[in-house]
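Asker: One structure, pasted below without further comment.
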Amino acid sequence: MSEIDSLKSELRVLEEQALASFTQATDLLALQALRVQYLGKKGALTNVLKGVGRLSAEERPVIGQFVNQVKDALTAALDAAEATLSVAEKAKRIEAERLDITLAGRKANKGAIHPVQQGLNEMCAIFAQMGFEIAEGPEVEDEFHNFDALNIPQEHPARAMHDTFFFHADEAQQAKLLRTHTSPVQIRTMKGCVDSGGQPPLAVVAPGRVYRCDYDVTHSPMFHQVEVFKVDKDVSMAHLKGVLKHFLSTYFEKDLPIRLRPHYFPFTEPSAEVDVGCVFCAGKGCRICKGSGWLEVLGSGMIHPNVLKAVGIDSSVYSGFAFGLGVERLVMLKHGIPDLRLFFENDVRFLRRMGA
Ligand SMILES: [Zn+2]
């Protein structure tokens, strides 16, 4: 047998072996191994080609063509086998991953709104229904908005009572501080209105975080307030009382009596502490209301003429009422929560019980 014929017959044997082995492969991995075994750089076909060196110059193109035919045949067979196997494997995988949709599901943990935020939302909604607009202001304030404009001058004792967190200020700047109440929003809103050429009426509810250097069962260094005020011609204490009564009865979902006790705040005149009939004992007297039948809930009053003057509103034409309430305190009373700190510890058991 000539050299070329023996090479050809070697190639034919190789082709037959290869084709037979392809049909036996049971998965794609095995098929890939066969591809390497026969067609790879160090594969069987390459190995046979080593014999080409023994051929004459005329014979080499002939055997070259023959090799290409074998190579094409093997490649085509491999591709076809691969296609068949991949369809089969996909079908197998789908079968294995079949979902039993009759199995009862596991309940996912849902996120929800924190009880304090829930309270804020409820409160703002009640005031919005009465026509108050929601306004917000910065938590980092200056002394003008937090104190001066609210009729609390530098040496006023009320300033010391606020337990303020101050930021270090250089000499050129006014000291910055964390606002101790939401009342600065009152100043910003009124001043913003006047500065842009407007005048009252203004009816605003301003919710937000406030900061005081204080921490115990009923005090947190950060807590939430809602500031409410209305300025217009002929606004009186009667309007204040009406709004308070409607708000408190709506929030506590029962018709509660309220009473106003004379008090002192620098930014209102006259000023009144507001009590609501105890939500726990309906006025009979209990541990929570310390036997009085009343719960102190907020501070209020008629906006001091000096405050109106500080923002450029003529107090001989306009008057207004304002009050600020502690959100955590009202949420605690509504839901019978004994300790303020529960709101900030984020104990999931507490939050779940609160529906958060
Ligand atoms: Zn009570």
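Labels for the structure tokens follow display order: chains A, B, ..., residues from 1 in each chain, ligands from 1.
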Select from region 14-245 of chain A everything DSSP, run on the backbone, classes as alpha helix (DSSP H), then give the selection as a PyMOL selection string.

Answerer: chain A and resi 14-24+28-39+44-49+59-96+115-129+143-146+157-161+183-195+237-245

Asker: What residues have any atom no more than 9 Å from ligand 1 when counting only C-alpha atoms and all ligand atoms, and can you list them as a JSON list (two decimals) with N, CA, C and O atoms, in the first residue's frame?

Answerer:
[["chain", "number", "residue", "atom", "x", "y", "z"],
["A", 277, "GLY", "N", -58.93, 65.27, 78.28],
["A", 277, "GLY", "CA", -59.49, 64.30, 79.22],
["A", 277, "GLY", "C", -58.75, 62.98, 79.08],
["A", 277, "GLY", "O", -58.48, 62.52, 77.98],
["A", 278, "CYS", "N", -58.39, 62.36, 80.21],
["A", 278, "CYS", "CA", -57.55, 61.16, 80.18],
["A", 278, "CYS", "C", -58.18, 60.08, 79.29],
["A", 278, "CYS", "O", -59.33, 59.69, 79.48],
["A", 279, "VAL", "N", -57.37, 59.62, 78.33],
["A", 279, "VAL", "CA", -57.87, 58.62, 77.37],
["A", 279, "VAL", "C", -57.97, 57.23, 78.01],
["A", 279, "VAL", "O", -58.59, 56.33, 77.46],
["A", 280, "PHE", "N", -57.36, 57.06, 79.19],
["A", 280, "PHE", "CA", -57.33, 55.74, 79.81],
["A", 280, "PHE", "C", -58.49, 55.55, 80.79],
["A", 280, "PHE", "O", -59.01, 54.45, 80.94],
["A", 281, "CYS", "N", -58.88, 56.62, 81.50],
["A", 281, "CYS", "CA", -59.88, 56.44, 82.56],
["A", 281, "CYS", "C", -61.12, 57.29, 82.33],
["A", 281, "CYS", "O", -61.99, 57.37, 83.20],
["A", 282, "ALA", "N", -61.18, 57.96, 81.16],
["A", 282, "ALA", "CA", -62.31, 58.82, 80.84],
["A", 282, "ALA", "C", -62.56, 59.85, 81.94],
["A", 282, "ALA", "O", -63.70, 60.17, 82.26],
["A", 283, "GLY", "N", -61.50, 60.34, 82.54],
["A", 283, "GLY", "CA", -61.64, 61.44, 83.50],
["A", 283, "GLY", "C", -61.82, 61.01, 84.94],
["A", 283, "GLY", "O", -61.88, 61.86, 85.84],
["A", 284, "LYS", "N", -61.92, 59.69, 85.18],
["A", 284, "LYS", "CA", -62.16, 59.24, 86.56],
["A", 284, "LYS", "C", -60.90, 59.36, 87.42],
["A", 284, "LYS", "O", -60.99, 59.45, 88.65],
["A", 285, "GLY", "N", -59.76, 59.34, 86.78],
["A", 285, "GLY", "CA", -58.50, 59.39, 87.53],
["A", 285, "GLY", "C", -57.84, 58.02, 87.55],
["A", 285, "GLY", "O", -58.47, 57.03, 87.95],
["A", 286, "CYS", "N", -56.59, 57.95, 87.08],
["A", 286, "CYS", "CA", -55.86, 56.67, 87.05],
["A", 286, "CYS", "C", -54.38, 56.95, 87.25],
["A", 286, "CYS", "O", -53.96, 58.09, 87.45],
["A", 287, "ARG", "N", -53.60, 55.87, 87.17],
["A", 287, "ARG", "CA", -52.17, 56.00, 87.40],
["A", 287, "ARG", "C", -51.51, 56.90, 86.34],
["A", 287, "ARG", "O", -50.65, 57.72, 86.64],
["A", 288, "ILE", "N", -51.96, 56.73, 85.07],
["A", 288, "ILE", "CA", -51.34, 57.48, 83.97],
["A", 288, "ILE", "C", -51.56, 59.00, 84.14],
["A", 288, "ILE", "O", -50.65, 59.78, 83.94],
["A", 289, "CYS", "N", -52.81, 59.37, 84.50],
["A", 289, "CYS", "CA", -53.10, 60.81, 84.65],
["A", 289, "CYS", "C", -52.85, 61.26, 86.08],
["A", 289, "CYS", "O", -53.23, 62.36, 86.46],
["A", 290, "LYS", "N", -52.23, 60.42, 86.87],
["A", 290, "LYS", "CA", -51.91, 60.69, 88.28],
["A", 290, "LYS", "C", -53.16, 61.13, 89.04],
["A", 290, "LYS", "O", -53.12, 62.05, 89.87],
["A", 291, "GLY", "N", -54.28, 60.49, 88.70],
["A", 291, "GLY", "CA", -55.51, 60.73, 89.45],
["A", 291, "GLY", "C", -56.25, 62.00, 89.08],
["A", 291, "GLY", "O", -57.34, 62.26, 89.59],
["A", 292, "SER", "N", -55.68, 62.80, 88.15],
["A", 292, "SER", "CA", -56.31, 64.09, 87.86],
["A", 292, "SER", "C", -57.42, 63.99, 86.82],
["A", 292, "SER", "O", -58.28, 64.88, 86.73],
["A", 293, "GLY", "N", -57.43, 62.93, 86.03],
["A", 293, "GLY", "CA", -58.42, 62.82, 84.95],
["A", 293, "GLY", "C", -58.03, 63.61, 83.71],
["A", 293, "GLY", "O", -58.76, 63.62, 82.72],
["A", 294, "TRP", "N", -56.88, 64.29, 83.77],
["A", 294, "TRP", "CA", -56.44, 65.09, 82.63],
["A", 294, "TRP", "C", -55.02, 64.71, 82.22],
["A", 294, "TRP", "O", -54.20, 64.36, 83.07],
["A", 295, "LEU", "N", -54.74, 64.83, 80.93],
["A", 295, "LEU", "CA", -53.38, 64.61, 80.43],
["A", 295, "LEU", "C", -52.89, 65.88, 79.74],
["A", 295, "LEU", "O", -53.59, 66.43, 78.88]]

Asker: Please build the interface table for region 69-143 of chain A against region 152-170 of chain A with a cut-off of 10 Å, listing for each qualifying residue the nearest atom pair and the distance in Å to one decimal; count only C-alpha atoms, order rows by chain and increasing number, and write it as CSV.

Answerer:
residue,atom,partner,partner_atom,distance
A:Val140,CA,A:Phe167,CA,9.1
A:Glu141,CA,A:Phe166,CA,9.6
A:Asp142,CA,A:Phe166,CA,9.4
A:Glu143,CA,A:Gln154,CA,8.8

Asker: Take the residues from that selection and write them out as a CSV table (one decimal), in the first residue's frame, keeping C-alpha atoms.

Answerer:
chain,number,residue,atom,x,y,z
A,140,VAL,CA,-29.6,72.7,61.5
A,141,GLU,CA,-30.8,76.2,62.4
A,142,ASP,CA,-29.4,79.5,63.4
A,143,GLU,CA,-30.1,81.5,66.6

Asker: When distances are computed from only C-alpha atoms, which of A:Val205, A:Leu342, A:Ala88, A:Ala238 shows the smallest separation from Thr189 (chain A)?

Answerer: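 Among the listed residues, A:Val205 lies closest to Thr189 (chain A).
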
Asker: Within 10 Å of region 35-38 of chain A, counting only C-alpha atoms, which residues qualify if same-chain residues fewer than 2 places away don't, as JSON, numbers by chain?

Answerer: {"A": [14, 15, 17, 18, 22, 29, 30, 31, 32, 33, 40, 41, 42, 43, 44, 45, 46, 47, 71, 74, 75, 78, 79]}

Asker: Which residues are near Val204 (chain A)? Cut-off 8 Å, only C-alpha atoms, ignore same chain within fewer than 6 positions. Put them as an MDAnalysis selection string.

Answerer: chainID A and resid 132:135 186 228:230

Asker: Determine, using only C-alpha atoms, which residues of region 147-250 of chain A have any atom at most 7 Å from an atom of region 258-270 of chain A, and tabulate each with its shortest atom pair and distance in Å to one decimal place, rows ordered by chain and then rising number, as a Markdown table.

Answerer:
| residue | atom | partner | partner_atom | distance |
| --- | --- | --- | --- | --- |
| A:Leu150 | CA | A:Phe267 | CA | 5.2 |
| A:Asn151 | CA | A:Phe267 | CA | 5.5 |
| A:Ile152 | CA | A:Pro266 | CA | 6.2 |
| A:Lys245 | CA | A:Ile258 | CA | 6.5 |

Asker: Save the residues we just selected, N, CA, C and O atoms, as a compact mmCIF listing (two decimals), in the first residue's frame?

Answerer:
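Saved result, part.txt, follows:
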# COMPACT_ATOMS: atom_id res chain seq x y z
N LEU A 150 -38.27 84.32 67.70
CA LEU A 150 -39.37 83.76 68.49
C LEU A 150 -39.45 84.44 69.86
O LEU A 150 -39.99 83.87 70.82
N ASN A 151 -38.89 85.63 69.93
CA ASN A 151 -38.97 86.43 71.15
C ASN A 151 -38.22 85.79 72.32
O ASN A 151 -38.64 85.90 73.47
N ILE A 152 -37.15 85.08 71.99
CA ILE A 152 -36.29 84.53 73.04
C ILE A 152 -34.91 85.15 72.84
O ILE A 152 -34.04 84.57 72.20
N LYS A 245 -59.62 71.08 69.77
CA LYS A 245 -60.67 70.13 70.14
C LYS A 245 -60.92 69.14 68.99
O LYS A 245 -60.99 67.93 69.20

Asker: Need to verify the contact set: Ile187 (chain A), 9 Å, only C-alpha atoms, exclusion of same-chain residues closer than 6 positions in sequence. Can you return it as a ChimeraX atom specification?

Answerer: /A:145-146,149-150,307-308,310-311

Asker: Keeping only all heavy atoms, take the residues you just selected and write them out as a JSON list (two decimals), in the first residue's frame.

Answerer:
[["chain", "number", "residue", "atom", "x", "y", "z"],
["A", 145, "HIS", "N", -33.58, 82.14, 63.80],
["A", 145, "HIS", "CA", -34.85, 81.43, 63.56],
["A", 145, "HIS", "C", -35.28, 80.59, 64.76],
["A", 145, "HIS", "O", -36.47, 80.41, 65.00],
["A", 145, "HIS", "CB", -34.73, 80.52, 62.33],
["A", 145, "HIS", "CG", -34.63, 81.29, 61.05],
["A", 145, "HIS", "ND1", -33.43, 81.65, 60.50],
["A", 145, "HIS", "CD2", -35.60, 81.78, 60.24],
["A", 145, "HIS", "CE1", -33.64, 82.33, 59.37],
["A", 145, "HIS", "NE2", -34.95, 82.42, 59.20],
["A", 146, "ASN", "N", -34.29, 80.04, 65.48],
["A", 146, "ASN", "CA", -34.66, 79.14, 66.60],
["A", 146, "ASN", "C", -35.02, 79.92, 67.87],
["A", 146, "ASN", "O", -35.83, 79.47, 68.66],
["A", 146, "ASN", "CB", -33.52, 78.17, 66.90],
["A", 146, "ASN", "CG", -33.97, 76.97, 67.71],
["A", 146, "ASN", "OD1", -34.52, 76.03, 67.17],
["A", 146, "ASN", "ND2", -33.77, 77.01, 69.02],
["A", 149, "ALA", "N", -36.04, 85.43, 66.70],
["A", 149, "ALA", "CA", -37.30, 85.82, 66.06],
["A", 149, "ALA", "C", -38.51, 85.29, 66.83],
["A", 149, "ALA", "O", -39.62, 85.77, 66.65],
["A", 149, "ALA", "CB", -37.34, 85.30, 64.62],
["A", 150, "LEU", "N", -38.27, 84.32, 67.70],
["A", 150, "LEU", "CA", -39.37, 83.76, 68.49],
["A", 150, "LEU", "C", -39.45, 84.44, 69.86],
["A", 150, "LEU", "O", -39.99, 83.87, 70.82],
["A", 150, "LEU", "CB", -39.20, 82.25, 68.64],
["A", 150, "LEU", "CG", -39.53, 81.48, 67.35],
["A", 150, "LEU", "CD1", -38.87, 80.11, 67.35],
["A", 150, "LEU", "CD2", -41.05, 81.33, 67.19],
["A", 307, "VAL", "N", -43.14, 88.41, 67.69],
["A", 307, "VAL", "CA", -42.82, 87.38, 66.68],
["A", 307, "VAL", "C", -43.32, 87.85, 65.31],
["A", 307, "VAL", "O", -42.60, 87.77, 64.30],
["A", 307, "VAL", "CB", -43.44, 86.02, 67.06],
["A", 307, "VAL", "CG1", -43.22, 84.99, 65.95],
["A", 307, "VAL", "CG2", -42.87, 85.52, 68.38],
["A", 308, "LEU", "N", -44.53, 88.38, 65.28],
["A", 308, "LEU", "CA", -45.07, 88.89, 64.01],
["A", 308, "LEU", "C", -44.20, 90.04, 63.50],
["A", 308, "LEU", "O", -43.89, 90.13, 62.31],
["A", 308, "LEU", "CB", -46.52, 89.35, 64.20],
["A", 308, "LEU", "CG", -47.53, 88.24, 64.52],
["A", 308, "LEU", "CD1", -48.92, 88.83, 64.79],
["A", 308, "LEU", "CD2", -47.63, 87.22, 63.37],
["A", 310, "ALA", "N", -41.02, 90.50, 64.07],
["A", 310, "ALA", "CA", -39.72, 89.98, 63.60],
["A", 310, "ALA", "C", -39.79, 89.50, 62.16],
["A", 310, "ALA", "O", -38.77, 89.48, 61.46],
["A", 310, "ALA", "CB", -39.25, 88.85, 64.51],
["A", 311, "VAL", "N", -40.96, 89.11, 61.69],
["A", 311, "VAL", "CA", -41.07, 88.63, 60.31],
["A", 311, "VAL", "C", -41.75, 89.65, 59.40],
["A", 311, "VAL", "O", -42.01, 89.37, 58.22],
["A", 311, "VAL", "CB", -41.85, 87.28, 60.24],
["A", 311, "VAL", "CG1", -41.09, 86.20, 61.01],
["A", 311, "VAL", "CG2", -43.28, 87.42, 60.77]]

Asker: Let me make sure I understand: among A:Ala25, A:Phe321, A:Ile126, A:Asp314, which one has the smallest atom-to-atom distance to Ala77 (chain A) if we use only C-alpha atoms?

Answerer: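 Answer, going by the shortest atom-to-atom distance: A:Ala25.
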
Asker: Please run DSSP on the backbone and report, as JSON, numbers by chain, all residues within region 224-279 of chain A that come out as strand (DSSP E or B).

Answerer: {"A": [224, 225, 226, 227, 228, 229, 230, 231, 232, 258, 259, 260, 261, 262, 263, 264, 265, 268, 269, 270, 271, 272, 273, 274, 275, 276, 277]}

Asker: Put those residues in a file: C-alpha atoms, as a CSV table (one decimal), in the first residue's frame.

Answerer:
chain,number,residue,atom,x,y,z
A,224,HIS,CA,-40.6,64.7,66.7
A,225,GLN,CA,-42.8,67.7,66.9
A,226,VAL,CA,-45.6,69.1,64.9
A,227,GLU,CA,-45.9,72.8,64.8
A,228,VAL,CA,-49.3,74.3,63.8
A,229,PHE,CA,-50.1,77.9,63.3
A,230,LYS,CA,-52.6,80.2,61.6
A,231,VAL,CA,-52.3,83.9,60.9
A,232,ASP,CA,-55.1,86.0,59.5
A,258,ILE,CA,-60.1,69.7,76.6
A,259,ARG,CA,-59.0,72.5,78.9
A,260,LEU,CA,-56.6,75.4,78.5
A,261,ARG,CA,-54.5,76.4,81.5
A,262,PRO,CA,-52.7,79.8,81.6
A,263,HIS,CA,-49.0,79.3,81.1
A,264,TYR,CA,-46.0,81.2,79.9
A,265,PHE,CA,-44.1,80.8,76.6
A,268,THR,CA,-47.1,83.4,72.5
A,269,GLU,CA,-49.3,85.8,74.5
A,270,PRO,CA,-51.5,84.8,76.0
A,271,SER,CA,-50.1,81.2,76.4
A,272,ALA,CA,-51.9,78.1,77.5
A,273,GLU,CA,-51.0,74.5,78.3
A,274,VAL,CA,-53.6,72.2,76.8
A,275,ASP,CA,-54.9,69.2,78.7
A,276,VAL,CA,-57.1,66.5,77.2
A,277,GLY,CA,-59.5,64.3,79.2

Asker: Using only C-alpha atoms, determine which residues lie at most 10 Å from Arg12 (chain A), disregarding the query and same-chain residues fewer than 5 positions distant; provide the list as a VMD selection string.

Answerer: chain A and resid 6 to 7 17 to 18 66 to 67 70

Asker: Interatomic distance between CA of Arg353 (chain A) and CA of His246 (chain A)?

Answerer: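 Taking CA of Arg353 (chain A) as the start and CA of His246 (chain A) as the end point, the length is 28.0 Å.
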
Asker: Could you tell me which of A:Glu345, A:Glu58, A:Glu328, A:Asp255 comes closest to Met123 (chain A) if we count only C-alpha atoms?

Answerer: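 Smallest distance to Met123 (chain A) is found for A:Glu328.
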
Asker: Excluding region 98-109 of chain A and residues on its chain fewer than 4 positions from it, collect all residues at most 12 Å away from it, counting only C-alpha atoms, and give them as a list in words.

Answerer: Ala91, Lys92, Arg93, Ile94, Val348, Arg352 and Ala356 of chain A

Asker: Between A:Gly111, A:Gly312, A:Pro61, A:Pro305, which residue has the minimum interatomic distance to Gly355 (chain A), considering only C-alpha atoms?

Answerer: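 Checking each of A:Gly111, A:Gly312, A:Pro61, A:Pro305 against Gly355 (chain A), counting only C-alpha atoms, the winner is A:Gly111.
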